[in-house]
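Printed here is model21.pdb (PDB, C-alpha atoms):
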```pdb
ATOM      1  CA  MET A   1       2.933  22.313 -17.255
ATOM      2  CA  ALA A   2       5.963  20.890 -15.478
ATOM      3  CA  ASP A   3       9.519  21.487 -16.539
ATOM      4  CA  PHE A   4      12.924  20.953 -15.001
ATOM      5  CA  THR A   5      13.182  24.432 -13.521
ATOM      6  CA  HIS A   6       9.688  24.945 -12.131
ATOM      7  CA  LYS A   7       7.676  22.324 -10.307
ATOM      8  CA  THR A   8       4.169  23.211 -11.380
ATOM      9  CA  PHE A   9       2.665  19.748 -11.226
ATOM     10  CA  ILE A  10       0.464  18.460  -8.432
ATOM     11  CA  LYS A  11       1.014  15.088  -6.757
ATOM     12  CA  HIS A  12      -1.978  12.808  -7.066
ATOM     13  CA  ASP A  13      -2.300   9.382  -5.491
ATOM     14  CA  ASP A  14      -5.952   9.028  -6.422
ATOM     15  CA  TYR A  15      -5.552   6.610  -9.317
ATOM     16  CA  MET A  16      -7.628   3.471  -8.894
ATOM     17  CA  THR A  17      -6.899   0.132 -10.534
ATOM     18  CA  PRO A  18      -9.237  -0.987 -13.318
ATOM     19  CA  LYS A  19     -10.623  -4.518 -13.333
ATOM     20  CA  SER A  20      -8.581  -5.306 -16.447
ATOM     21  CA  ALA A  21      -5.321  -4.798 -14.519
ATOM     22  CA  TRP A  22      -6.238  -7.333 -11.833
ATOM     23  CA  GLY A  23      -7.831  -9.681 -14.362
ATOM     24  CA  ALA A  24      -4.612  -9.748 -16.395
ATOM     25  CA  ILE A  25      -2.700 -11.415 -13.532
ATOM     26  CA  GLN A  26      -5.386 -13.572 -11.934
ATOM     27  CA  HIS A  27      -3.835 -16.721 -13.427
ATOM     28  CA  LEU A  28      -0.574 -15.924 -11.601
ATOM     29  CA  VAL A  29      -1.852 -15.174  -8.092
ATOM     30  CA  PRO A  30      -2.948 -18.160  -5.966
ATOM     31  CA  LYS A  31      -6.654 -18.292  -5.151
ATOM     32  CA  ASP A  32      -6.254 -20.498  -2.089
ATOM     33  CA  LYS A  33      -4.776 -17.672   0.003
ATOM     34  CA  VAL A  34      -6.425 -14.685   1.659
ATOM     35  CA  ILE A  35      -5.564 -11.475  -0.181
ATOM     36  CA  TRP A  36      -5.056  -8.284   1.794
ATOM     37  CA  GLU A  37      -5.712  -5.371  -0.546
ATOM     38  CA  CYS A  38      -3.878  -3.095   1.847
ATOM     39  CA  PHE A  39      -4.580   0.337   0.338
ATOM     40  CA  TYR A  40      -8.273   1.104   0.324
ATOM     41  CA  GLY A  41      -8.598   3.850  -2.290
ATOM     42  CA  ASP A  42     -12.228   4.050  -3.354
ATOM     43  CA  GLY A  43     -13.012   0.526  -2.122
ATOM     44  CA  GLU A  44     -13.597  -0.922  -5.589
ATOM     45  CA  SER A  45     -10.410  -2.967  -5.821
ATOM     46  CA  GLY A  46     -11.521  -5.345  -3.094
ATOM     47  CA  LYS A  47     -14.846  -5.852  -4.858
ATOM     48  CA  ILE A  48     -13.077  -6.547  -8.144
ATOM     49  CA  LEU A  49     -10.729  -9.100  -6.569
ATOM     50  CA  THR A  50     -13.706 -10.804  -4.907
ATOM     51  CA  GLU A  51     -15.461 -10.977  -8.306
ATOM     52  CA  LEU A  52     -12.308 -12.616  -9.685
ATOM     53  CA  GLY A  53     -12.638 -15.418  -7.112
ATOM     54  CA  TYR A  54     -10.348 -14.314  -4.288
ATOM     55  CA  THR A  55     -11.023 -14.171  -0.580
ATOM     56  CA  VAL A  56     -10.188 -10.538   0.154
ATOM     57  CA  ILE A  57      -9.622  -8.301   3.155
ATOM     58  CA  HIS A  58     -10.170  -4.737   1.990
ATOM     59  CA  GLU A  59     -11.030  -2.269   4.695
ATOM     60  CA  PRO A  60     -10.001   1.347   5.355
ATOM     61  CA  ILE A  61      -7.381   0.370   7.941
ATOM     62  CA  ASP A  62      -3.824   1.560   8.574
ATOM     63  CA  PHE A  63      -1.285  -0.392   6.509
ATOM     64  CA  TYR A  64       1.461   0.587   8.945
ATOM     65  CA  LYS A  65      -0.348  -0.751  12.017
ATOM     66  CA  GLU A  66      -2.166  -3.811  10.667
ATOM     67  CA  ASN A  67      -0.990  -7.189   9.396
ATOM     68  CA  ARG A  68      -3.696  -9.086   7.556
ATOM     69  CA  GLY A  69      -4.086 -11.885   5.037
ATOM     70  CA  ASP A  70      -1.618 -14.254   3.430
ATOM     71  CA  ILE A  71      -0.654 -12.204   0.342
ATOM     72  CA  LEU A  72      -0.677  -8.431  -0.151
ATOM     73  CA  LEU A  73      -1.980  -7.248  -3.501
ATOM     74  CA  SER A  74      -2.371  -3.556  -4.207
ATOM     75  CA  ASN A  75      -1.742  -0.435  -6.239
ATOM     76  CA  PRO A  76      -0.116   1.612  -3.448
ATOM     77  CA  PRO A  77       0.068   5.400  -3.227
ATOM     78  CA  TYR A  78       3.238   6.077  -5.211
ATOM     79  CA  SER A  79       4.184   9.166  -3.214
ATOM     80  CA  ASP A  80       4.652   7.005  -0.093
ATOM     81  CA  CYS A  81       6.631   4.115  -1.605
ATOM     82  CA  LYS A  82       9.695   5.218   0.368
ATOM     83  CA  ASN A  83       7.864   4.039   3.513
ATOM     84  CA  ILE A  84       5.824   1.259   1.916
ATOM     85  CA  MET A  85       8.759  -0.820   0.635
ATOM     86  CA  PRO A  86      10.479  -1.264   4.031
ATOM     87  CA  ARG A  87       7.101  -2.053   5.615
ATOM     88  CA  LEU A  88       6.442  -4.767   3.013
ATOM     89  CA  LYS A  89       9.847  -6.281   3.739
ATOM     90  CA  ALA A  90       9.205  -6.159   7.500
ATOM     91  CA  LEU A  91       5.852  -7.932   7.085
ATOM     92  CA  GLY A  92       7.676 -10.748   5.289
ATOM     93  CA  LYS A  93       4.584 -11.826   3.358
ATOM     94  CA  PRO A  94       4.282 -12.483  -0.362
ATOM     95  CA  PHE A  95       3.111  -9.464  -2.301
ATOM     96  CA  VAL A  96       2.181  -8.130  -5.707
ATOM     97  CA  MET A  97       2.415  -4.345  -5.941
ATOM     98  CA  LEU A  98       1.433  -2.457  -9.078
ATOM     99  CA  MET A  99       3.871   0.453  -9.321
ATOM    100  CA  PRO A 100       5.709   2.530 -11.926
ATOM    101  CA  SER A 101       8.568   0.713 -13.616
ATOM    102  CA  SER A 102      10.946   3.425 -12.386
ATOM    103  CA  LYS A 103      10.475   2.404  -8.725
ATOM    104  CA  ILE A 104      13.013  -0.396  -9.076
ATOM    105  CA  ASN A 105      15.720   2.244  -9.579
ATOM    106  CA  THR A 106      15.081   4.039  -6.299
ATOM    107  CA  GLN A 107      17.417   3.796  -3.348
ATOM    108  CA  TYR A 108      14.613   2.775  -0.985
ATOM    109  CA  PHE A 109      13.672  -0.137  -3.246
ATOM    110  CA  ARG A 110      17.304  -1.246  -3.348
ATOM    111  CA  ASP A 111      17.698  -0.842   0.414
ATOM    112  CA  SER A 112      14.619  -2.970   1.016
ATOM    113  CA  PHE A 113      15.007  -5.694  -1.617
ATOM    114  CA  LYS A 114      18.551  -5.795  -2.994
ATOM    115  CA  GLY A 115      19.612  -9.425  -3.136
ATOM    116  CA  GLU A 116      16.034 -10.640  -2.750
ATOM    117  CA  ASP A 117      14.173 -12.677  -5.339
ATOM    118  CA  ILE A 118      11.981  -9.932  -6.754
ATOM    119  CA  GLN A 119       9.984 -11.014  -9.768
ATOM    120  CA  ILE A 120       8.306  -8.712 -12.263
ATOM    121  CA  ILE A 121       5.178  -9.057 -14.353
ATOM    122  CA  ILE A 122       5.159  -6.714 -17.331
ATOM    123  CA  PRO A 123       1.713  -5.738 -18.670
ATOM    124  CA  ALA A 124       1.001  -6.069 -22.388
ATOM    125  CA  LYS A 125       0.282  -2.334 -22.571
ATOM    126  CA  ARG A 126       0.056   0.693 -20.320
ATOM    127  CA  ILE A 127      -2.660   0.539 -17.714
ATOM    128  CA  ASN A 128      -5.352   3.200 -17.926
ATOM    129  CA  PHE A 129      -6.090   3.951 -14.305
ATOM    130  CA  ILE A 130      -9.308   5.471 -12.993
ATOM    131  CA  LYS A 131      -8.733   8.957 -11.597
ATOM    132  CA  LEU A 132     -10.691  10.279  -8.655
ATOM    133  CA  LYS A 133     -11.119  14.028  -8.878
ATOM    134  CA  ASP A 134     -13.349  15.836  -6.431
ATOM    135  CA  GLY A 135     -14.873  12.465  -5.497
ATOM    136  CA  LYS A 136     -15.847  11.673  -9.093
ATOM    137  CA  LYS A 137     -14.362   8.904 -11.220
ATOM    138  CA  GLN A 138     -12.715   9.786 -14.494
ATOM    139  CA  GLU A 139     -11.300   7.065 -16.704
ATOM    140  CA  THR A 140      -7.959   7.968 -18.168
ATOM    141  CA  ASN A 141      -7.550   7.119 -21.816
ATOM    142  CA  SER A 142      -3.791   7.223 -21.664
ATOM    143  CA  CYS A 143      -1.204   6.917 -18.955
ATOM    144  CA  ASN A 144       2.134   8.677 -19.317
ATOM    145  CA  PHE A 145       4.191   6.070 -17.452
ATOM    146  CA  ASP A 146       4.728   2.325 -17.515
ATOM    147  CA  CYS A 147       3.935   0.090 -14.559
ATOM    148  CA  PHE A 148       5.136  -3.316 -13.478
ATOM    149  CA  TYR A 149       3.640  -5.751 -11.020
ATOM    150  CA  TYR A 150       6.449  -6.213  -8.489
ATOM    151  CA  CYS A 151       6.235  -9.636  -6.857
ATOM    152  CA  TRP A 152       7.983 -11.127  -3.855
ATOM    153  CA  LYS A 153       7.607 -14.707  -2.621
ATOM    154  CA  ILE A 154       4.805 -15.410  -5.122
ATOM    155  CA  GLY A 155       6.749 -18.222  -6.809
ATOM    156  CA  LEU A 156       6.289 -17.355 -10.464
ATOM    157  CA  GLU A 157       7.885 -19.700 -13.004
ATOM    158  CA  LYS A 158      10.096 -16.903 -14.388
ATOM    159  CA  ASP A 159      11.688 -13.837 -12.850
ATOM    160  CA  ILE A 160      10.222 -11.715 -15.638
ATOM    161  CA  THR A 161       6.765 -12.616 -16.920
ATOM    162  CA  TRP A 162       5.498 -10.825 -20.015
ATOM    163  CA  LEU A 163       1.718 -10.620 -20.341
ATOM    164  CA  GLU A 164       0.111 -10.875 -23.760
TER
END
```
Translate the structure of the given file into structure tokens.
Amino acid sequence: MADFTHKTFIKHDDYMTPKSAWGAIQHLVPKDKVIWECFYGDGESGKILTELGYTVIHEPIDFYKENRGDILLSNPPYSDCKNIMPRLKALGKPFVMLMPSSKINTQYFRDSFKGEDIQIIIPAKRINFIKLKDGKKQETNSCNFDCFYYCWKIGLEKDITWLE
């Protein structure tokens, strides 16, 4: 158990995105562009996006050294967002990143995107991610944090889009 005086929790970045999370926004992400799913995870996300009708680049390559596709779409490792946000800005490409709602309050997010036209898609409910533990998938039946889809240069009709 974690409390404010003792850090007894373990960082995990092994939460994969369920098909329902990508399906919920497919009407908002253009299908005429090549998607770079830039964080490989277990490899399923690229397959899911392909099933949803996208042309997808999804390979186990280094996000910090590569520059692929027209739009970046991913559920990045949250523990590295401090480095991911400036890299996204440097790439200059449209993106949709599924991250905790609290990320918008971080200094690194502000340093990277303050004054920019960030748009947010708010899911209808919390996303139940798929946990990888010891190489085995475990569906979570509840998530203890809220996520937003953070969008840049996607051109949504509204700055905040609420999903139903």
Check your understanding: atom CA of A:Gly46 and atom CA of A:Pro76 are how many Å apart?
Key ->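 So the two atoms, atom CA of A:Gly46 and atom CA of A:Pro76, lie 13.4 Å apart.
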Kindly provide the residues of stretch 61-157 of chain A that approach stretch 15-39 of chain A to within 10 Å, each paired with its closest atom pair and their distance in Å to one decimal, based on all atoms listed in the file, listed by chain and increasing number, as CSV.
```
residue,atom,partner,partner_atom,distance
A:Ile61,CA,A:Cys38,CA,7.8
A:Asp62,CA,A:Cys38,CA,8.2
A:Phe63,CA,A:Cys38,CA,6.0
A:Tyr64,CA,A:Cys38,CA,9.6
A:Glu66,CA,A:Cys38,CA,9.0
A:Asn67,CA,A:Trp36,CA,8.7
A:Arg68,CA,A:Trp36,CA,6.0
A:Gly69,CA,A:Trp36,CA,4.9
A:Asp70,CA,A:Val34,CA,5.1
A:Ile71,CA,A:Ile35,CA,5.0
A:Leu72,CA,A:Trp36,CA,4.8
A:Leu73,CA,A:Glu37,CA,5.1
A:Ser74,CA,A:Glu37,CA,5.3
A:Asn75,CA,A:Thr17,CA,6.7
A:Pro76,CA,A:Phe39,CA,6.0
A:Pro77,CA,A:Phe39,CA,7.7
A:Tyr78,CA,A:Tyr15,CA,9.7
A:Pro94,CA,A:Ile35,CA,9.9
A:Phe95,CA,A:Ile35,CA,9.2
A:Val96,CA,A:Val29,CA,8.5
A:Met97,CA,A:Glu37,CA,9.8
A:Leu98,CA,A:Thr17,CA,8.8
A:Ile121,CA,A:Ile25,CA,8.3
A:Ile122,CA,A:Ile25,CA,9.9
A:Pro123,CA,A:Ala24,CA,7.8
A:Ala124,CA,A:Ala24,CA,9.0
A:Arg126,CA,A:Ala21,CA,9.6
A:Ile127,CA,A:Ala21,CA,6.8
A:Asn128,CA,A:Pro18,CA,7.3
A:Phe129,CA,A:Thr17,CA,5.4
A:Ile130,CA,A:Met16,CA,4.9
A:Lys131,CA,A:Tyr15,CA,4.6
A:Leu132,CA,A:Tyr15,CA,6.3
A:Lys133,CA,A:Tyr15,CA,9.3
A:Lys137,CA,A:Met16,CA,9.0
A:Gln138,CA,A:Tyr15,CA,9.4
A:Glu139,CA,A:Pro18,CA,9.0
A:Thr140,CA,A:Tyr15,CA,9.3
A:Tyr149,CA,A:Ile25,CA,8.9
A:Cys151,CA,A:Val29,CA,9.9
A:Ile154,CA,A:Val29,CA,7.3
A:Gly155,CA,A:Leu28,CA,9.0
A:Leu156,CA,A:Leu28,CA,7.1
A:Glu157,CA,A:Leu28,CA,9.4
```
Filtering to C-alpha atoms, could you give me those residues as a CSV table (one decimal), keeping the file's coordinate frame?
```
chain,number,residue,atom,x,y,z
A,61,ILE,CA,-7.4,0.4,7.9
A,62,ASP,CA,-3.8,1.6,8.6
A,63,PHE,CA,-1.3,-0.4,6.5
A,64,TYR,CA,1.5,0.6,8.9
A,66,GLU,CA,-2.2,-3.8,10.7
A,67,ASN,CA,-1.0,-7.2,9.4
A,68,ARG,CA,-3.7,-9.1,7.6
A,69,GLY,CA,-4.1,-11.9,5.0
A,70,ASP,CA,-1.6,-14.3,3.4
A,71,ILE,CA,-0.7,-12.2,0.3
A,72,LEU,CA,-0.7,-8.4,-0.2
A,73,LEU,CA,-2.0,-7.2,-3.5
A,74,SER,CA,-2.4,-3.6,-4.2
A,75,ASN,CA,-1.7,-0.4,-6.2
A,76,PRO,CA,-0.1,1.6,-3.4
A,77,PRO,CA,0.1,5.4,-3.2
A,78,TYR,CA,3.2,6.1,-5.2
A,94,PRO,CA,4.3,-12.5,-0.4
A,95,PHE,CA,3.1,-9.5,-2.3
A,96,VAL,CA,2.2,-8.1,-5.7
A,97,MET,CA,2.4,-4.3,-5.9
A,98,LEU,CA,1.4,-2.5,-9.1
A,121,ILE,CA,5.2,-9.1,-14.4
A,122,ILE,CA,5.2,-6.7,-17.3
A,123,PRO,CA,1.7,-5.7,-18.7
A,124,ALA,CA,1.0,-6.1,-22.4
A,126,ARG,CA,0.1,0.7,-20.3
A,127,ILE,CA,-2.7,0.5,-17.7
A,128,ASN,CA,-5.4,3.2,-17.9
A,129,PHE,CA,-6.1,4.0,-14.3
A,130,ILE,CA,-9.3,5.5,-13.0
A,131,LYS,CA,-8.7,9.0,-11.6
A,132,LEU,CA,-10.7,10.3,-8.7
A,133,LYS,CA,-11.1,14.0,-8.9
A,137,LYS,CA,-14.4,8.9,-11.2
A,138,GLN,CA,-12.7,9.8,-14.5
A,139,GLU,CA,-11.3,7.1,-16.7
A,140,THR,CA,-8.0,8.0,-18.2
A,149,TYR,CA,3.6,-5.8,-11.0
A,151,CYS,CA,6.2,-9.6,-6.9
A,154,ILE,CA,4.8,-15.4,-5.1
A,155,GLY,CA,6.7,-18.2,-6.8
A,156,LEU,CA,6.3,-17.4,-10.5
A,157,GLU,CA,7.9,-19.7,-13.0
```
Exercise for review: Given the file shown, enumerate the residues that the PyMOL selection byres ((chain A and resi 118) around 9) captures and present them as a list in words.
Suggested key: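 When the PyMOL selection byres ((chain A and resi 118) around 9) is applied, the selected residues are Phe113, Lys114, Gly115, Glu116, Asp117, Gln119, Ile120, Tyr150, Cys151, Trp152, Lys153 and Asp159 of chain A.
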Review point. Near A:Tyr108, within 10 Å and counting all atoms listed in the file, which residues show up once chain neighbours fewer than 5 positions away are dropped, as a list of chain:residue names?
Key: A:Cys81, A:Lys82, A:Asn83, A:Ile84, A:Met85, A:Pro86, A:Lys103, A:Phe113, A:Lys114
Would you save the residues from that selection as a PDB file, in the coordinates of the input, using C-alpha atoms?
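New file selection-v7.pdb:
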```pdb
ATOM      1  CA  CYS A  81       6.631   4.115  -1.605  1.00  0.00           C
ATOM      2  CA  LYS A  82       9.695   5.218   0.368  1.00  0.00           C
ATOM      3  CA  ASN A  83       7.864   4.039   3.513  1.00  0.00           C
ATOM      4  CA  ILE A  84       5.824   1.259   1.916  1.00  0.00           C
ATOM      5  CA  MET A  85       8.759  -0.820   0.635  1.00  0.00           C
ATOM      6  CA  PRO A  86      10.479  -1.264   4.031  1.00  0.00           C
ATOM      7  CA  LYS A 103      10.475   2.404  -8.725  1.00  0.00           C
ATOM      8  CA  PHE A 113      15.007  -5.694  -1.617  1.00  0.00           C
ATOM      9  CA  LYS A 114      18.551  -5.795  -2.994  1.00  0.00           C
TER      10      LYS A 114
END
```
Practice item. Could you check how far atom CA of A:Tyr54 sits from atom CA of A:Lys89, in Å to one decimal? Key: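 One can read the atom CA of A:Tyr54 to atom CA of A:Lys89 distance as 23.2 Å.
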Exercise for review: Fewer than 2 positions away in the same chain doesn't count, so skip those; otherwise give me all residues within 6 Å of A:Ser101, counting all atoms listed in the file, as a ChimeraX atom specification.
Suggested key: /A:103,146-148
Check your understanding: atom CA of A:Thr161 to atom CA of A:Ser79: how many Å, to one decimal?
Key ->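 Between these atoms lies a distance of 25.9 Å.
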